[in-house]
$ cat input-v7.pdb   # PDB, C-alpha atoms, pLDDT in the B column
ATOM      1  CA  MET A  29     -15.271  21.248   4.915  1.00 51.00           C
ATOM      2  CA  LEU A  30     -14.867  17.659   6.071  1.00 56.00           C
ATOM      3  CA  LEU A  31     -17.826  15.843   7.504  1.00 59.00           C
ATOM      4  CA  PRO A  32     -17.247  14.088  10.798  1.00 60.00           C
ATOM      5  CA  LEU A  33     -16.854  10.344  10.559  1.00 74.00           C
ATOM      6  CA  THR A  34     -19.783   9.275  12.657  1.00 86.00           C
ATOM      7  CA  ALA A  35     -20.295   5.823  14.090  1.00 85.00           C
ATOM      8  CA  GLU A  36     -23.284   5.349  11.774  1.00 87.00           C
ATOM      9  CA  TRP A  37     -21.209   6.256   8.726  1.00 85.00           C
ATOM     10  CA  ARG A  38     -18.438   3.865   9.763  1.00 88.00           C
ATOM     11  CA  ALA A  39     -20.949   1.082  10.413  1.00 90.00           C
ATOM     12  CA  ALA A  40     -22.610   1.603   7.012  1.00 90.00           C
ATOM     13  CA  ARG A  41     -19.222   1.606   5.325  1.00 93.00           C
ATOM     14  CA  GLU A  42     -18.268  -1.633   7.097  1.00 95.00           C
ATOM     15  CA  ARG A  43     -21.554  -3.249   6.059  1.00 95.00           C
ATOM     16  CA  LYS A  44     -20.901  -2.236   2.444  1.00 96.00           C
ATOM     17  CA  ARG A  45     -17.343  -3.619   2.624  1.00 97.00           C
ATOM     18  CA  LYS A  46     -18.689  -6.929   3.900  1.00 97.00           C
ATOM     19  CA  ALA A  47     -21.380  -7.077   1.202  1.00 97.00           C
ATOM     20  CA  ILE A  48     -18.735  -6.517  -1.483  1.00 97.00           C
ATOM     21  CA  ALA A  49     -16.515  -9.216   0.061  1.00 97.00           C
ATOM     22  CA  PHE A  50     -19.459 -11.629   0.184  1.00 97.00           C
ATOM     23  CA  LEU A  51     -20.245 -11.026  -3.483  1.00 96.00           C
ATOM     24  CA  ALA A  52     -16.596 -11.442  -4.429  1.00 95.00           C
ATOM     25  CA  ALA A  53     -16.686 -14.866  -2.798  1.00 95.00           C
ATOM     26  CA  VAL A  54     -19.785 -16.011  -4.696  1.00 95.00           C
ATOM     27  CA  ARG A  55     -19.273 -14.372  -8.110  1.00 93.00           C
ATOM     28  CA  ARG A  56     -17.138 -17.115  -9.570  1.00 91.00           C
ATOM     29  CA  GLU A  57     -17.645 -18.223 -13.124  1.00 95.00           C
ATOM     30  CA  PRO A  58     -19.529 -21.512 -13.424  1.00 97.00           C
ATOM     31  CA  ALA A  59     -17.469 -24.611 -14.085  1.00 97.00           C
ATOM     32  CA  GLU A  60     -17.122 -25.392 -17.788  1.00 98.00           C
ATOM     33  CA  ALA A  61     -18.434 -28.922 -17.229  1.00 98.00           C
ATOM     34  CA  ASP A  62     -21.595 -27.461 -15.659  1.00 98.00           C
ATOM     35  CA  VAL A  63     -21.992 -25.029 -18.559  1.00 97.00           C
ATOM     36  CA  ARG A  64     -21.664 -27.840 -21.109  1.00 97.00           C
ATOM     37  CA  TRP A  65     -24.098 -30.002 -19.157  1.00 95.00           C
ATOM     38  CA  LEU A  66     -26.791 -27.318 -18.902  1.00 95.00           C
ATOM     39  CA  ALA A  67     -26.307 -26.290 -22.515  1.00 94.00           C
ATOM     40  CA  GLY A  68     -26.722 -29.896 -23.603  1.00 92.00           C
ATOM     41  CA  VAL A  69     -29.763 -30.786 -21.512  1.00 91.00           C
ATOM     42  CA  ALA A  70     -31.734 -27.555 -21.637  1.00 91.00           C
ATOM     43  CA  ALA A  71     -30.245 -24.701 -23.643  1.00 91.00           C
ATOM     44  CA  ARG A  72     -30.026 -26.199 -27.135  1.00 90.00           C
ATOM     45  CA  ASP A  73     -26.234 -26.346 -26.854  1.00 93.00           C
ATOM     46  CA  ASP A  74     -26.090 -22.564 -26.324  1.00 95.00           C
ATOM     47  CA  GLN A  75     -23.198 -22.360 -23.878  1.00 96.00           C
ATOM     48  CA  ASP A  76     -23.433 -18.585 -23.495  1.00 96.00           C
ATOM     49  CA  HIS A  77     -27.068 -18.858 -22.413  1.00 95.00           C
ATOM     50  CA  ALA A  78     -26.241 -21.736 -20.054  1.00 96.00           C
ATOM     51  CA  ARG A  79     -23.328 -19.765 -18.554  1.00 97.00           C
ATOM     52  CA  TRP A  80     -25.580 -16.761 -17.898  1.00 96.00           C
ATOM     53  CA  GLU A  81     -28.263 -18.948 -16.323  1.00 97.00           C
ATOM     54  CA  LEU A  82     -25.690 -20.456 -13.972  1.00 97.00           C
ATOM     55  CA  ARG A  83     -24.329 -16.998 -13.121  1.00 96.00           C
ATOM     56  CA  TYR A  84     -27.863 -15.787 -12.424  1.00 97.00           C
ATOM     57  CA  ALA A  85     -28.625 -18.867 -10.330  1.00 97.00           C
ATOM     58  CA  ARG A  86     -25.496 -18.426  -8.210  1.00 97.00           C
ATOM     59  CA  LEU A  87     -26.193 -14.710  -7.660  1.00 97.00           C
ATOM     60  CA  ALA A  88     -29.892 -15.178  -6.948  1.00 97.00           C
ATOM     61  CA  LEU A  89     -29.226 -17.960  -4.446  1.00 97.00           C
ATOM     62  CA  ALA A  90     -26.479 -15.899  -2.802  1.00 97.00           C
ATOM     63  CA  VAL A  91     -28.863 -12.947  -2.358  1.00 97.00           C
ATOM     64  CA  LEU A  92     -31.609 -15.203  -1.016  1.00 96.00           C
ATOM     65  CA  THR A  93     -29.150 -16.888   1.346  1.00 95.00           C
ATOM     66  CA  ALA A  94     -28.012 -13.496   2.642  1.00 95.00           C
ATOM     67  CA  GLN A  95     -31.615 -12.437   3.181  1.00 94.00           C
ATOM     68  CA  ARG A  96     -32.581 -15.685   4.884  1.00 91.00           C
ATOM     69  CA  ASP A  97     -29.515 -16.711   6.884  1.00 89.00           C
ATOM     70  CA  ALA A  98     -27.654 -13.513   7.797  1.00 89.00           C
ATOM     71  CA  LEU A  99     -27.232 -12.467  11.409  1.00 85.00           C
ATOM     72  CA  ASP A 100     -28.265  -8.875  10.644  1.00 88.00           C
ATOM     73  CA  ASP A 101     -31.522  -8.053   8.867  1.00 88.00           C
ATOM     74  CA  ARG A 102     -29.752  -5.334   6.869  1.00 92.00           C
ATOM     75  CA  THR A 103     -27.349  -7.797   5.235  1.00 94.00           C
ATOM     76  CA  GLY A 104     -29.742  -8.787   2.447  1.00 94.00           C
ATOM     77  CA  SER A 105     -30.326  -5.148   1.523  1.00 95.00           C
ATOM     78  CA  ASP A 106     -26.610  -4.413   1.667  1.00 96.00           C
ATOM     79  CA  VAL A 107     -25.876  -7.354  -0.634  1.00 97.00           C
ATOM     80  CA  VAL A 108     -28.577  -6.293  -3.120  1.00 95.00           C
ATOM     81  CA  ALA A 109     -27.180  -2.735  -3.220  1.00 96.00           C
ATOM     82  CA  ALA A 110     -23.627  -3.999  -3.735  1.00 96.00           C
ATOM     83  CA  LEU A 111     -24.848  -6.406  -6.425  1.00 95.00           C
ATOM     84  CA  GLY A 112     -26.552  -3.549  -8.272  1.00 93.00           C
ATOM     85  CA  GLU A 113     -23.285  -1.629  -8.328  1.00 93.00           C
ATOM     86  CA  ALA A 114     -21.298  -4.698  -9.380  1.00 93.00           C
ATOM     87  CA  MET A 115     -23.688  -5.552 -12.202  1.00 91.00           C
ATOM     88  CA  ALA A 116     -23.572  -1.961 -13.485  1.00 90.00           C
ATOM     89  CA  GLU A 117     -19.778  -2.270 -13.761  1.00 91.00           C
ATOM     90  CA  ASP A 118     -19.692  -5.851 -15.100  1.00 90.00           C
ATOM     91  CA  PRO A 119     -17.439  -5.890 -18.194  1.00 91.00           C
ATOM     92  CA  ARG A 120     -19.320  -8.939 -19.532  1.00 89.00           C
ATOM     93  CA  VAL A 121     -22.467  -6.835 -19.954  1.00 89.00           C
ATOM     94  CA  ASP A 122     -22.880  -4.399 -22.829  1.00 91.00           C
ATOM     95  CA  PRO A 123     -23.992  -1.055 -21.340  1.00 90.00           C
ATOM     96  CA  MET A 124     -26.981  -1.110 -23.693  1.00 92.00           C
ATOM     97  CA  MET A 125     -28.083  -4.423 -22.117  1.00 93.00           C
ATOM     98  CA  GLN A 126     -27.908  -3.359 -18.447  1.00 92.00           C
ATOM     99  CA  GLU A 127     -31.663  -2.948 -18.122  1.00 94.00           C
ATOM    100  CA  LEU A 128     -32.325  -6.369 -19.654  1.00 94.00           C
ATOM    101  CA  VAL A 129     -29.757  -8.030 -17.376  1.00 93.00           C
ATOM    102  CA  GLY A 130     -31.385  -6.368 -14.361  1.00 93.00           C
ATOM    103  CA  ARG A 131     -34.835  -7.617 -15.386  1.00 96.00           C
ATOM    104  CA  GLN A 132     -33.538 -11.123 -16.032  1.00 96.00           C
ATOM    105  CA  LEU A 133     -31.794 -11.268 -12.656  1.00 95.00           C
ATOM    106  CA  ASN A 134     -34.962 -10.027 -10.929  1.00 96.00           C
ATOM    107  CA  ASP A 135     -36.968 -12.717 -12.714  1.00 97.00           C
ATOM    108  CA  ARG A 136     -34.523 -15.355 -11.467  1.00 97.00           C
ATOM    109  CA  LEU A 137     -34.618 -13.947  -7.938  1.00 96.00           C
ATOM    110  CA  SER A 138     -38.410 -14.217  -7.972  1.00 96.00           C
ATOM    111  CA  GLY A 139     -38.381 -17.733  -9.391  1.00 96.00           C
ATOM    112  CA  TYR A 140     -35.817 -19.089  -6.946  1.00 96.00           C
ATOM    113  CA  LYS A 141     -37.442 -17.317  -4.011  1.00 95.00           C
ATOM    114  CA  GLU A 142     -40.802 -18.831  -4.871  1.00 94.00           C
ATOM    115  CA  ALA A 143     -39.190 -22.278  -5.103  1.00 93.00           C
ATOM    116  CA  LEU A 144     -37.580 -21.857  -1.687  1.00 91.00           C
ATOM    117  CA  ILE A 145     -40.708 -20.682   0.115  1.00 91.00           C
ATOM    118  CA  ALA A 146     -43.275 -22.963  -1.551  1.00 87.00           C
ATOM    119  CA  ARG A 147     -44.828 -25.385   0.885  1.00 76.00           C
ATOM    120  CA  GLY A 148     -46.600 -28.690   0.644  1.00 65.00           C
ATOM    121  CA  GLY A 149     -46.560 -31.578  -1.743  1.00 62.00           C
ATOM    122  CA  ALA A 150     -44.017 -34.315  -2.124  1.00 59.00           C
ATOM    123  CA  VAL A 151     -41.561 -32.076  -3.989  1.00 63.00           C
ATOM    124  CA  GLY A 152     -38.837 -30.558  -1.814  1.00 76.00           C
ATOM    125  CA  SER A 153     -37.282 -27.138  -2.290  1.00 86.00           C
ATOM    126  CA  GLY A 154     -34.185 -28.670  -3.896  1.00 89.00           C
ATOM    127  CA  GLU A 155     -36.235 -30.235  -6.653  1.00 90.00           C
ATOM    128  CA  ARG A 156     -38.227 -27.023  -7.120  1.00 91.00           C
ATOM    129  CA  LEU A 157     -34.961 -25.066  -7.421  1.00 93.00           C
ATOM    130  CA  GLY A 158     -33.680 -27.537 -10.013  1.00 92.00           C
ATOM    131  CA  ARG A 159     -36.869 -27.178 -12.028  1.00 90.00           C
ATOM    132  CA  VAL A 160     -36.515 -23.379 -11.952  1.00 93.00           C
ATOM    133  CA  LEU A 161     -32.977 -23.581 -13.353  1.00 94.00           C
ATOM    134  CA  LEU A 162     -34.025 -25.963 -16.095  1.00 92.00           C
ATOM    135  CA  ALA A 163     -37.073 -23.853 -16.958  1.00 91.00           C
ATOM    136  CA  PHE A 164     -35.073 -20.631 -17.297  1.00 94.00           C
ATOM    137  CA  ALA A 165     -32.404 -22.383 -19.356  1.00 93.00           C
ATOM    138  CA  SER A 166     -34.850 -23.956 -21.794  1.00 88.00           C
ATOM    139  CA  ASP A 167     -38.089 -23.592 -23.641  1.00 68.00           C
ATOM    140  CA  GLY A 168     -39.791 -25.880 -21.109  1.00 61.00           C
ATOM    141  CA  ALA A 169     -40.414 -28.871 -23.338  1.00 52.00           C
ATOM    142  CA  ARG A 170     -36.680 -29.403 -23.906  1.00 56.00           C
ATOM    143  CA  SER A 171     -35.912 -29.925 -20.211  1.00 57.00           C
ATOM    144  CA  ALA A 172     -38.812 -32.262 -19.451  1.00 58.00           C
ATOM    145  CA  GLY A 173     -36.534 -35.298 -19.320  1.00 60.00           C
ATOM    146  CA  ALA A 174     -33.432 -33.449 -18.159  1.00 62.00           C
ATOM    147  CA  PRO A 175     -31.462 -34.912 -15.297  1.00 84.00           C
ATOM    148  CA  LEU A 176     -33.069 -33.074 -12.410  1.00 89.00           C
ATOM    149  CA  PRO A 177     -30.784 -34.641  -9.779  1.00 90.00           C
ATOM    150  CA  ARG A 178     -27.728 -32.901 -11.266  1.00 94.00           C
ATOM    151  CA  ALA A 179     -29.539 -29.547 -11.265  1.00 94.00           C
ATOM    152  CA  VAL A 180     -30.498 -30.092  -7.613  1.00 93.00           C
ATOM    153  CA  GLU A 181     -26.923 -31.045  -6.708  1.00 95.00           C
ATOM    154  CA  LEU A 182     -25.477 -28.060  -8.544  1.00 96.00           C
ATOM    155  CA  LEU A 183     -27.816 -25.538  -6.910  1.00 96.00           C
ATOM    156  CA  SER A 184     -27.386 -27.144  -3.487  1.00 95.00           C
ATOM    157  CA  GLY A 185     -23.674 -26.574  -3.941  1.00 96.00           C
ATOM    158  CA  TYR A 186     -24.301 -22.912  -4.769  1.00 97.00           C
ATOM    159  CA  ILE A 187     -26.338 -22.507  -1.585  1.00 96.00           C
ATOM    160  CA  ALA A 188     -23.632 -24.229   0.473  1.00 96.00           C
ATOM    161  CA  GLU A 189     -20.997 -21.922  -1.059  1.00 96.00           C
ATOM    162  CA  ALA A 190     -23.128 -18.864  -0.275  1.00 96.00           C
ATOM    163  CA  ASN A 191     -23.607 -20.000   3.320  1.00 95.00           C
ATOM    164  CA  ALA A 192     -19.871 -20.614   3.726  1.00 96.00           C
ATOM    165  CA  ALA A 193     -19.111 -17.174   2.279  1.00 96.00           C
ATOM    166  CA  LEU A 194     -21.715 -15.598   4.558  1.00 95.00           C
ATOM    167  CA  ARG A 195     -20.139 -17.179   7.641  1.00 95.00           C
ATOM    168  CA  SER A 196     -16.633 -16.304   6.472  1.00 95.00           C
ATOM    169  CA  VAL A 197     -17.413 -12.638   5.848  1.00 96.00           C
ATOM    170  CA  TYR A 198     -20.045 -11.916   8.488  1.00 94.00           C
ATOM    171  CA  GLY A 199     -19.163 -14.446  11.167  1.00 90.00           C
ATOM    172  CA  GLU A 200     -21.086 -17.259  12.765  1.00 85.00           C
ATOM    173  CA  ALA A 201     -23.869 -16.964  15.263  1.00 71.00           C
ATOM    174  CA  THR A 202     -22.676 -17.790  18.738  1.00 72.00           C
ATOM    175  CA  LEU A 203     -24.949 -18.403  21.658  1.00 63.00           C
ATOM    176  CA  PRO A 204     -24.023 -18.835  25.277  1.00 70.00           C
ATOM    177  CA  GLU A 205     -23.971 -22.535  26.098  1.00 73.00           C
ATOM    178  CA  HIS A 206     -26.065 -22.102  29.218  1.00 69.00           C
ATOM    179  CA  LEU A 207     -28.967 -20.261  27.478  1.00 65.00           C
ATOM    180  CA  PRO A 208     -31.523 -21.473  24.939  1.00 67.00           C
ATOM    181  CA  PRO A 209     -31.813 -19.232  21.812  1.00 58.00           C
ATOM    182  CA  SER A 210     -35.108 -17.711  22.946  1.00 61.00           C
ATOM    183  CA  GLU A 211     -33.567 -16.449  26.188  1.00 65.00           C
ATOM    184  CA  ALA A 212     -30.402 -15.206  24.484  1.00 56.00           C
ATOM    185  CA  ALA A 213     -32.508 -13.162  22.041  1.00 54.00           C
ATOM    186  CA  ALA A 214     -34.407 -11.539  24.922  1.00 58.00           C
ATOM    187  CA  ARG A 215     -31.210 -10.199  26.491  1.00 58.00           C
TER
END

$ encode --input "input-v7.pdb" --output "structure tokens"
Amino acid sequence: MLLPLTAEWRAARERKRKAIAFLAAVRREPAEADVRWLAGVAARDDQDHARWELRYARLALAVLTAQRDALDDRTGSDVVAALGEAMAEDPRVDPMMQELVGRQLNDRLSGYKEALIARGGAVGSGERLGRVLLAFASDGARSAGAPLPRAVELLSGYIAEANAALRSVYGEATLPEHLPPSEAAAR
């Protein structure tokens, strides 16, 4: 017996398709120059560790961007669900390491989220994000003198890429020219 294709089912399927397309746009491998840089300044020349930290950073910032900047409140949840499926099928991850990879990604999500929402002080969110990357990539003491500006620039680029992918896949917010946002939302 076939189940009827309801509007809700079609809408959920379309949201999942968009989440997968968004992730496809942001799941690029980090540039080799960035991997070498991070390995040299923070990861004791361990390029595999540096590559994974950059992958985690890109994914975490993409998820946080989807949660923060999407037009639909469900987008963040859709992206997280699609990411869970993608990570479970990632050929770069040994099946015995799936749980560890999930925990590590969750740790990075928490760290980057905290950096984005922290308030006060002279340190901006970009610098806090850079410090999170350097902290996860190192033992802490190793990255104390690391070039923070490059980390900030790199992660700012990841956020810009995620925002561009979000707009490309989900569309841009459009408001009527004659109405302020508060009035448009009320309609």

$ atom_distance --input "input-v7.pdb" --atom1 "atom CA of A:Arg156" --atom2 "atom CA of A:Ala188"
16.7 Å

$ resolve_selection --input "input-v7.pdb" --expression "the PyMOL selection byres ((chain A and resi 86) around 8)" --output "JSON, numbers by chain"
{"A": [54, 55, 82, 83, 84, 85, 87, 88, 89, 90, 183, 186, 187]}

$ closest_residue --input "input-v7.pdb" --among "A:Asp106, A:Glu81, A:Asp118, A:Asp74" --to "A:Ala40" --atoms "all atoms listed in the file"
A:Asp106

$ residues_around --input "input-v7.pdb" --residues "A:Lys44" --least-positions-apart "4" --cutoff "12 Å" --atoms "only C-alpha atoms" --output "list in words"
Trp37, Arg38, Ala39, Ala40, Ile48, Ala49, Phe50, Leu51, Arg102, Thr103, Gly104, Ser105, Asp106, Val107, Val108, Ala109, Ala110, Leu111, Glu113, Val197 and Tyr198 of chain A

$ atom_distance --input "input-v7.pdb" --atom1 "atom CA of A:Pro58" --atom2 "atom CA of A:Arg79"
6.6 Å

$ residues_around --input "input-v7.pdb" --residues "stretch 157-168 of chain A" --least-positions-apart "3" --cutoff "7 Å" --atoms "all atoms listed in the file" --output "MDAnalysis selection string"
chainID A and resid 70:71 78 81 139:140 143 153:154 171:172 176 179:180 183

$ atom_distance --input "input-v7.pdb" --atom1 "atom CA of A:Lys46" --atom2 "atom CA of A:Glu142"
26.6 Å

$ closest_residue --input "input-v7.pdb" --among "A:Gly112, A:Pro204, A:Pro123, A:Gly152" --to "A:Ala47" --atoms "all atoms listed in the file"
A:Gly112

$ closest_residue --input "input-v7.pdb" --among "A:Ile145, A:Ala61, A:Glu205, A:Met115" --to "A:Gly130" --atoms "all atoms listed in the file"
A:Met115

$ closest_residue --input "input-v7.pdb" --among "A:Ser184, A:Lys141, A:Ala193, A:Leu133" --to "A:Arg96" --atoms "all atoms listed in the file"
A:Lys141

$ axis_aligned_box --input "input-v7.pdb" --around "stretch 136-149 of chain A" --padding-each-side "5 Å" --output "JSON"
{"center_x": -40.6, "center_y": -22.8, "center_z": -5.3, "size_x": 22.1, "size_y": 27.6, "size_z": 22.4}
